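Participant: Please find one structure pasted underneath; my questions will follow.
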Amino acid sequence: MDFGVLGPLEVTAGGRPAKLAGPRTRAVLAVLLVHANQVVSSDRLIEELWPGHPPQKAADSLQVRLSELRKALRSAGEADRLATRPPGYMLQVAPRELDALRFERLAAEGNAALASGDAAAAAQRLDQALALWRGPALADIDSVPSVRAEAGRLEEERLAALESRGEALLACGRHRDLIANLEALTTAHPLRERFWSQRMLALYRAGRQADALRAYRELRDILVAELAIEPGPELRELHARILRQDPVLDGPAGGSPGSGLDGRAGTPAGGDSGTVPPIRYAQTSDGIHIAYLVTGEGERDIVFVPGLLSHLELLWEDPQTAGFFRQLATLGRLIMFDKRDTGLSDRAPGDMSLEERMEDLRAVMRAAGSSRAVLFGYSEGAPMSLLFAATHPGQVTALILGSASARWFPALGYPCGQGTQEMFDALEGIAAHRWGQGATIEWYMQSRAGSARMREAFARFERMAISPNSFLRMSRMIRDIDVRAVLPAIHVPTLVIQRLDDRITPPCHGRYLASHIAGARYFEQPGDHSLRFAASGNSEALYAEIGGFIAQTSHRRDPDRVLATILHATITDDRTTMADQQGQRAAPDALAGPGWAAEDLVRSHRGRLVASTADAILATFDAPGQAIRCAAAVRDDATAAGIQVRAGIHTGEVALVGEDIAGPSVQIADRVAALARPAEILVSRTVKDLVTGSGIVFAERGSYPLNDPADEWPLFAVTGIGSGGVRRCTS
């Protein structure tokens, strides 16, 4: 049996149309097809098809339509298709039987072929996908909310496939075949700039420069008249290149499929595996120099956040590794870097927390001119990527987590990591006694551990990527990483890549991430921890999954929820006690409360003052270490003025309401502050977990119900802030 939704609803059995009853029965079938192989509750069906009807009458009507649908299926020899599954019903459909699923598979294969540089295969697959369409999706059923939503989603997928087909045909040199089609598409969809870009390029390559420039003026007039905006930077750059007849536009040899023309620094993604793209340096706000490179071009930026071992030059000397990154560079502008302490970057002055290491990523994105990117967090780079995506969602288009974990050791509520202690002991033993001999291959890529050539390659990489002492120091920091509390605050599209034979992060870790990040896409395949070696797993399937995922992501609106660290500091009731004991009166400014100098203190620690009163301040920070140091500065300044201040700090998701913040995390910070003793900085467990490696020292202060009376949170008092005391940050 075949089901068609790419046009009017259609059901065929044995090549013959199945006889369906009236429009209501067809609507029930449409809802079940939209949720194929999922249970749709009776309440959901009633709400969608009979809104506002008396409950019993609507329930009776539903049973009649289901009976009619079962009769039609039974007459086609498919009586078991529709199954009753409390609290509703499920329609069982194989992927090959539903045209929408066949379309999505073919489109994904076409995008993967385009990403790998096979434009001809991409065009063929995309043509096959688009040929399945018979008209607007579910065109005859427009009054059911979920059906309308699915029709809209499918239409967006169709337009994306048409855009990819245009890229493929341009890459094949078939620009003349495209012109008429693109003129029709820009007329039907005048605000989709990618169609206009392809139309301009096809016209220019056909020797019609004047028509290409005229098309740009036509688009500009539309955008200014309807939206009061100018064309985007990619189109403006294409226009400028057409004006100067830039040779890069002359044909497929001038750029790879999907190459962007956005004017930012980048290099072609092709070339020999031994050719290293130019390496540059970005400087962080704390003076660390971070080595980075940019390769490829495109409308998307992809930032690869490496694990513990990284060396930009060596990565491009190995053909398999270079091939991995060249493939990524066909999907967009690829930005790579060595974190501090690794590869070609500066060494850190000491242990550094995740929030401090996020500065490496920020510095590289600034230097590369990237305001928004897909983050690809690999191995130990994943927790930092998660924290960045939750804290700065406006700068993250999507998130890819490869061989990743939220934490490595087992804990209450975290069943993974049973063999982690053995793994850490083994790697630390290698770093202490056998570094530079290739022994880490037994953990990173055990399937090739018997190859003398591969072991030697690993040996050299160990020696060049990180020193033994740096490995040991970073390993100690990694032991305490725990970003589980961050996962509910991830709202960008996320792909979790998991290898079944991964000895460092076994499948339990990846499955946990995927199940605790809303809407995450999970991809599991056989192979080792090391994704970058083709021999460590099925690279073709991996590229197809990554390419399909990135192709389906789109720019999102500005976020209205972010992960933030909230500081609530208040004066204790006995504010004049210290002054009286010292035989002096508190200064008038001091008596005005901690807000008297709060704005300067908060700003100097990269925070934002949300509110201040005579007795309290409320501020937010991107990172908990900044909040703790700011709280210490507020406390110390108040103490010098004869006032005692207590502070509570919590990290959690907040809703942005204009200049204000709201949500349970704000109330939790208030309760933590209320539990703090005079002159004490009290923090939640989430804060303590996120400042691992910062040098901040804590003492346990017991557990208290903060959000739910049945759920107690451990609290910790700050007892030390590193060897340097309170550090005042400057932006």
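A note on labels: chains of the structure tokens are A, B, ... as shown, every chain counts residues from 1, and ligands are counted from 1 in their shown order.
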Using only C-alpha atoms, determine which residues lie at most 10 Å from Gly77 of chain A, disregarding the query and same-chain residues fewer than 6 positions distant; provide the list as a list in words.
Facilitator: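 Near neighbours after the sequence-gap exclusion: Met1, Ala13, Gly14 and Lys71 of chain A.
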Participant: Can I get the selected residues back with all heavy atoms, as a PDB file, in the first residue's frame?
Facilitator:
```pdb
ATOM      1  N   MET A   1       0.852  -1.191   0.000  1.00  0.00           N
ATOM      2  CA  MET A   1       0.000   0.000   0.000  1.00  0.00           C
ATOM      3  C   MET A   1       0.885   1.236   0.000  1.00  0.00           C
ATOM      4  O   MET A   1       1.918   1.280   0.688  1.00  0.00           O
ATOM      5  CB  MET A   1      -0.916  -0.019   1.231  1.00  0.00           C
ATOM      6  CG  MET A   1      -1.830   1.200   1.336  1.00  0.00           C
ATOM      7  SD  MET A   1      -3.138   0.972   2.568  1.00  0.00           S
ATOM      8  CE  MET A   1      -4.391   0.156   1.579  1.00  0.00           C
ATOM      9  N   ALA A  13      -3.496   0.779  -3.486  1.00  0.00           N
ATOM     10  CA  ALA A  13      -3.200  -0.597  -3.095  1.00  0.00           C
ATOM     11  C   ALA A  13      -3.127  -1.436  -4.353  1.00  0.00           C
ATOM     12  O   ALA A  13      -4.091  -1.479  -5.125  1.00  0.00           O
ATOM     13  CB  ALA A  13      -4.273  -1.132  -2.150  1.00  0.00           C
ATOM     14  N   GLY A  14      -1.970  -2.037  -4.584  1.00  0.00           N
ATOM     15  CA  GLY A  14      -1.793  -2.816  -5.805  1.00  0.00           C
ATOM     16  C   GLY A  14      -1.876  -1.970  -7.048  1.00  0.00           C
ATOM     17  O   GLY A  14      -2.322  -2.444  -8.097  1.00  0.00           O
ATOM     18  N   LYS A  71     -12.648   0.002   7.317  1.00  0.00           N
ATOM     19  CA  LYS A  71     -13.326  -0.714   6.226  1.00  0.00           C
ATOM     20  C   LYS A  71     -12.551  -0.552   4.924  1.00  0.00           C
ATOM     21  O   LYS A  71     -12.362  -1.518   4.171  1.00  0.00           O
ATOM     22  CB  LYS A  71     -14.749  -0.181   6.077  1.00  0.00           C
ATOM     23  CG  LYS A  71     -15.554  -0.862   4.974  1.00  0.00           C
ATOM     24  CD  LYS A  71     -16.961  -0.295   4.902  1.00  0.00           C
ATOM     25  CE  LYS A  71     -17.750  -0.953   3.774  1.00  0.00           C
ATOM     26  NZ  LYS A  71     -19.134  -0.381   3.685  1.00  0.00           N
TER      27      LYS A  71
END
```
Participant: Quick one: everything within 12 Å of Arg241 of chain A, counting only C-alpha atoms, minus sequence neighbours fewer than 5 positions away in the same chain. Send it as a PyMOL selection string.
Facilitator: chain A and resi 200-201+204+209+212-213+234-236+246-250+261-263
Participant: Do a neighbour search on Val34 of chain A at 9 Å with only C-alpha atoms, toss out local chain neighbours closer than 2 positions, and write the hits as a compact mmCIF listing (two decimals) with N, CA, C and O atoms, in the first residue's frame.
Facilitator:
```txt
# COMPACT_ATOMS: atom_id res chain seq x y z
N VAL A 5 1.05 12.19 0.19
CA VAL A 5 0.67 13.45 0.81
C VAL A 5 1.29 14.63 0.07
O VAL A 5 1.00 15.79 0.37
N LEU A 29 -7.43 10.26 8.41
CA LEU A 29 -6.28 9.57 7.82
C LEU A 29 -5.09 10.54 7.69
O LEU A 29 -3.94 10.16 7.95
N ALA A 30 -5.37 11.77 7.29
CA ALA A 30 -4.28 12.74 7.13
C ALA A 30 -3.56 12.99 8.44
O ALA A 30 -2.33 13.04 8.50
N VAL A 31 -4.31 13.15 9.54
CA VAL A 31 -3.68 13.37 10.84
C VAL A 31 -2.83 12.15 11.23
O VAL A 31 -1.71 12.29 11.73
N LEU A 32 -3.36 10.96 11.01
CA LEU A 32 -2.61 9.75 11.35
C LEU A 32 -1.35 9.63 10.49
O LEU A 32 -0.30 9.15 10.96
N ALA A 36 2.65 9.35 11.44
CA ALA A 36 2.78 7.93 11.11
C ALA A 36 3.65 7.21 12.12
O ALA A 36 4.69 7.73 12.56
N SER A 146 -2.73 20.48 12.60
CA SER A 146 -1.48 19.74 12.46
C SER A 146 -1.20 19.40 10.99
O SER A 146 -0.04 19.32 10.58
N VAL A 147 -2.25 19.22 10.21
CA VAL A 147 -2.06 18.94 8.78
C VAL A 147 -1.54 20.19 8.08
O VAL A 147 -0.65 20.12 7.23
N GLU A 150 2.11 20.52 8.94
CA GLU A 150 2.94 19.56 8.21
C GLU A 150 3.06 19.96 6.74
O GLU A 150 4.14 19.84 6.14
```
Participant: Choose the residue, out of A:Ala228, A:Gly207, A:Gly695, A:Ile141, that has the smallest atom-to-atom separation from Ile242 of chain A; count only C-alpha atoms.
Facilitator: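 Selected residue with least distance to Ile242 of chain A: A:Gly207.
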Participant: I'd like the interatomic distance between atom CA of Val645 of chain A and atom CA of Thr570 of chain A, to a tenth of an Å.
Facilitator: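 According to the coordinates, atom CA of Val645 of chain A and atom CA of Thr570 of chain A are separated by 5.6 Å.
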Participant: Between atom CA of Gly110 of chain A and atom CA of Arg165 of chain A, what is the distance in Å, rounded to a tenth?
Facilitator: 8.2 Å
Participant: Which of segment 473-692 of chain A counts as helix (DSSP H, G or I) under DSSP, as a PyMOL selection string please?
Facilitator: chain A and resi 473-479+484-489+507-516+534-536+539-552+577-581+588-591+594-596+598-604+624-640+664-675+685-690
Participant: Show me, as a ChimeraX atom specification, the residues that have an atom within 9 Å of Leu114 of chain A when counting only C-alpha atoms, minus same-chain residues fewer than 2 positions from it.
Facilitator: /A:109-112,116-123,164,167-168,257-258,330-331,547
Participant: Using only C-alpha atoms, which protein or nucleic acid residues come within 6 Å of segment 281-283 of chain A? Drop anything in the same chain fewer than 4 positions from it, and give the result as a list in words.
Facilitator: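 Non-adjacent residues within range: Gly287, Ile288, His289, Ile290, Ala291, Tyr292, Ala363, Val364 and Ala367 of chain A.
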Participant: Mind checking which residues fall within 9 Å of Arg635 of chain A, counting only C-alpha atoms, ignoring those fewer than 3 positions away in the same chain, and posting them as a list in words?
Facilitator: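 The contact residues come out as Ala569, Pro594, Cys630, Ala631, Ala632, Ala638, Thr639, Ala640, Ile643, Gln644, Val645, Arg646, Ala647, Ala679, Glu680 and Ile681 of chain A.
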Participant: Once you have the residues from the selection above, write them out as a PDB file, in the first residue's frame, restricted to N, CA, C and O atoms.
Facilitator:
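Here's the written file again-v1.pdb:
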```pdb
ATOM      1  N   ALA A 569      22.512  39.861  45.783  1.00  0.00           N
ATOM      2  CA  ALA A 569      23.261  40.267  46.976  1.00  0.00           C
ATOM      3  C   ALA A 569      22.410  41.216  47.788  1.00  0.00           C
ATOM      4  O   ALA A 569      21.783  42.138  47.238  1.00  0.00           O
ATOM      5  N   PRO A 594      24.263  48.140  48.741  1.00  0.00           N
ATOM      6  CA  PRO A 594      25.308  47.682  47.821  1.00  0.00           C
ATOM      7  C   PRO A 594      25.130  48.215  46.421  1.00  0.00           C
ATOM      8  O   PRO A 594      26.031  48.130  45.607  1.00  0.00           O
ATOM      9  N   CYS A 630      32.511  38.942  41.183  1.00  0.00           N
ATOM     10  CA  CYS A 630      31.787  40.185  41.394  1.00  0.00           C
ATOM     11  C   CYS A 630      31.179  40.218  42.797  1.00  0.00           C
ATOM     12  O   CYS A 630      31.238  41.246  43.485  1.00  0.00           O
ATOM     13  N   ALA A 631      30.581  39.093  43.226  1.00  0.00           N
ATOM     14  CA  ALA A 631      30.001  39.027  44.570  1.00  0.00           C
ATOM     15  C   ALA A 631      31.070  39.289  45.629  1.00  0.00           C
ATOM     16  O   ALA A 631      30.824  39.992  46.621  1.00  0.00           O
ATOM     17  N   ALA A 632      32.274  38.744  45.437  1.00  0.00           N
ATOM     18  CA  ALA A 632      33.361  38.975  46.388  1.00  0.00           C
ATOM     19  C   ALA A 632      33.758  40.442  46.411  1.00  0.00           C
ATOM     20  O   ALA A 632      34.047  41.015  47.473  1.00  0.00           O
ATOM     21  N   ALA A 638      31.704  46.541  50.534  1.00  0.00           N
ATOM     22  CA  ALA A 638      30.746  46.830  51.601  1.00  0.00           C
ATOM     23  C   ALA A 638      31.389  46.660  52.976  1.00  0.00           C
ATOM     24  O   ALA A 638      31.163  47.465  53.889  1.00  0.00           O
ATOM     25  N   THR A 639      32.204  45.619  53.136  1.00  0.00           N
ATOM     26  CA  THR A 639      32.882  45.385  54.409  1.00  0.00           C
ATOM     27  C   THR A 639      33.780  46.568  54.767  1.00  0.00           C
ATOM     28  O   THR A 639      33.831  47.015  55.918  1.00  0.00           O
ATOM     29  N   ALA A 640      34.479  47.083  53.772  1.00  0.00           N
ATOM     30  CA  ALA A 640      35.352  48.241  54.014  1.00  0.00           C
ATOM     31  C   ALA A 640      34.560  49.451  54.463  1.00  0.00           C
ATOM     32  O   ALA A 640      35.086  50.348  55.142  1.00  0.00           O
ATOM     33  N   ILE A 643      29.642  47.553  56.271  1.00  0.00           N
ATOM     34  CA  ILE A 643      28.368  46.883  55.995  1.00  0.00           C
ATOM     35  C   ILE A 643      28.622  45.410  55.710  1.00  0.00           C
ATOM     36  O   ILE A 643      29.630  45.047  55.122  1.00  0.00           O
ATOM     37  N   GLN A 644      27.687  44.568  56.173  1.00  0.00           N
ATOM     38  CA  GLN A 644      27.775  43.146  55.858  1.00  0.00           C
ATOM     39  C   GLN A 644      26.777  42.796  54.748  1.00  0.00           C
ATOM     40  O   GLN A 644      25.606  43.169  54.822  1.00  0.00           O
ATOM     41  N   VAL A 645      27.274  42.094  53.749  1.00  0.00           N
ATOM     42  CA  VAL A 645      26.458  41.688  52.606  1.00  0.00           C
ATOM     43  C   VAL A 645      26.490  40.172  52.477  1.00  0.00           C
ATOM     44  O   VAL A 645      27.541  39.553  52.667  1.00  0.00           O
ATOM     45  N   ARG A 646      25.357  39.593  52.174  1.00  0.00           N
ATOM     46  CA  ARG A 646      25.325  38.174  51.840  1.00  0.00           C
ATOM     47  C   ARG A 646      24.878  38.033  50.393  1.00  0.00           C
ATOM     48  O   ARG A 646      24.108  38.860  49.885  1.00  0.00           O
ATOM     49  N   ALA A 647      25.351  36.966  49.731  1.00  0.00           N
ATOM     50  CA  ALA A 647      25.071  36.809  48.302  1.00  0.00           C
ATOM     51  C   ALA A 647      24.676  35.376  47.988  1.00  0.00           C
ATOM     52  O   ALA A 647      25.236  34.424  48.551  1.00  0.00           O
ATOM     53  N   ALA A 679      28.115  38.106  55.168  1.00  0.00           N
ATOM     54  CA  ALA A 679      29.429  38.128  54.502  1.00  0.00           C
ATOM     55  C   ALA A 679      29.739  36.827  53.763  1.00  0.00           C
ATOM     56  O   ALA A 679      30.879  36.590  53.381  1.00  0.00           O
ATOM     57  N   GLU A 680      28.739  36.002  53.505  1.00  0.00           N
ATOM     58  CA  GLU A 680      28.946  34.714  52.839  1.00  0.00           C
ATOM     59  C   GLU A 680      28.443  34.771  51.400  1.00  0.00           C
ATOM     60  O   GLU A 680      27.443  35.421  51.099  1.00  0.00           O
ATOM     61  N   ILE A 681      29.167  34.086  50.514  1.00  0.00           N
ATOM     62  CA  ILE A 681      28.726  33.887  49.132  1.00  0.00           C
ATOM     63  C   ILE A 681      28.318  32.429  49.014  1.00  0.00           C
ATOM     64  O   ILE A 681      29.165  31.527  49.122  1.00  0.00           O
TER      65      ILE A 681
END
```
Participant: Between A:Val496, A:Ala137, A:Leu690, A:Ala439, which one has atoms that come closest to Glu356 of chain A, using only C-alpha atoms?
Facilitator: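 Closest to Glu356 of chain A of all the choices is A:Leu690.
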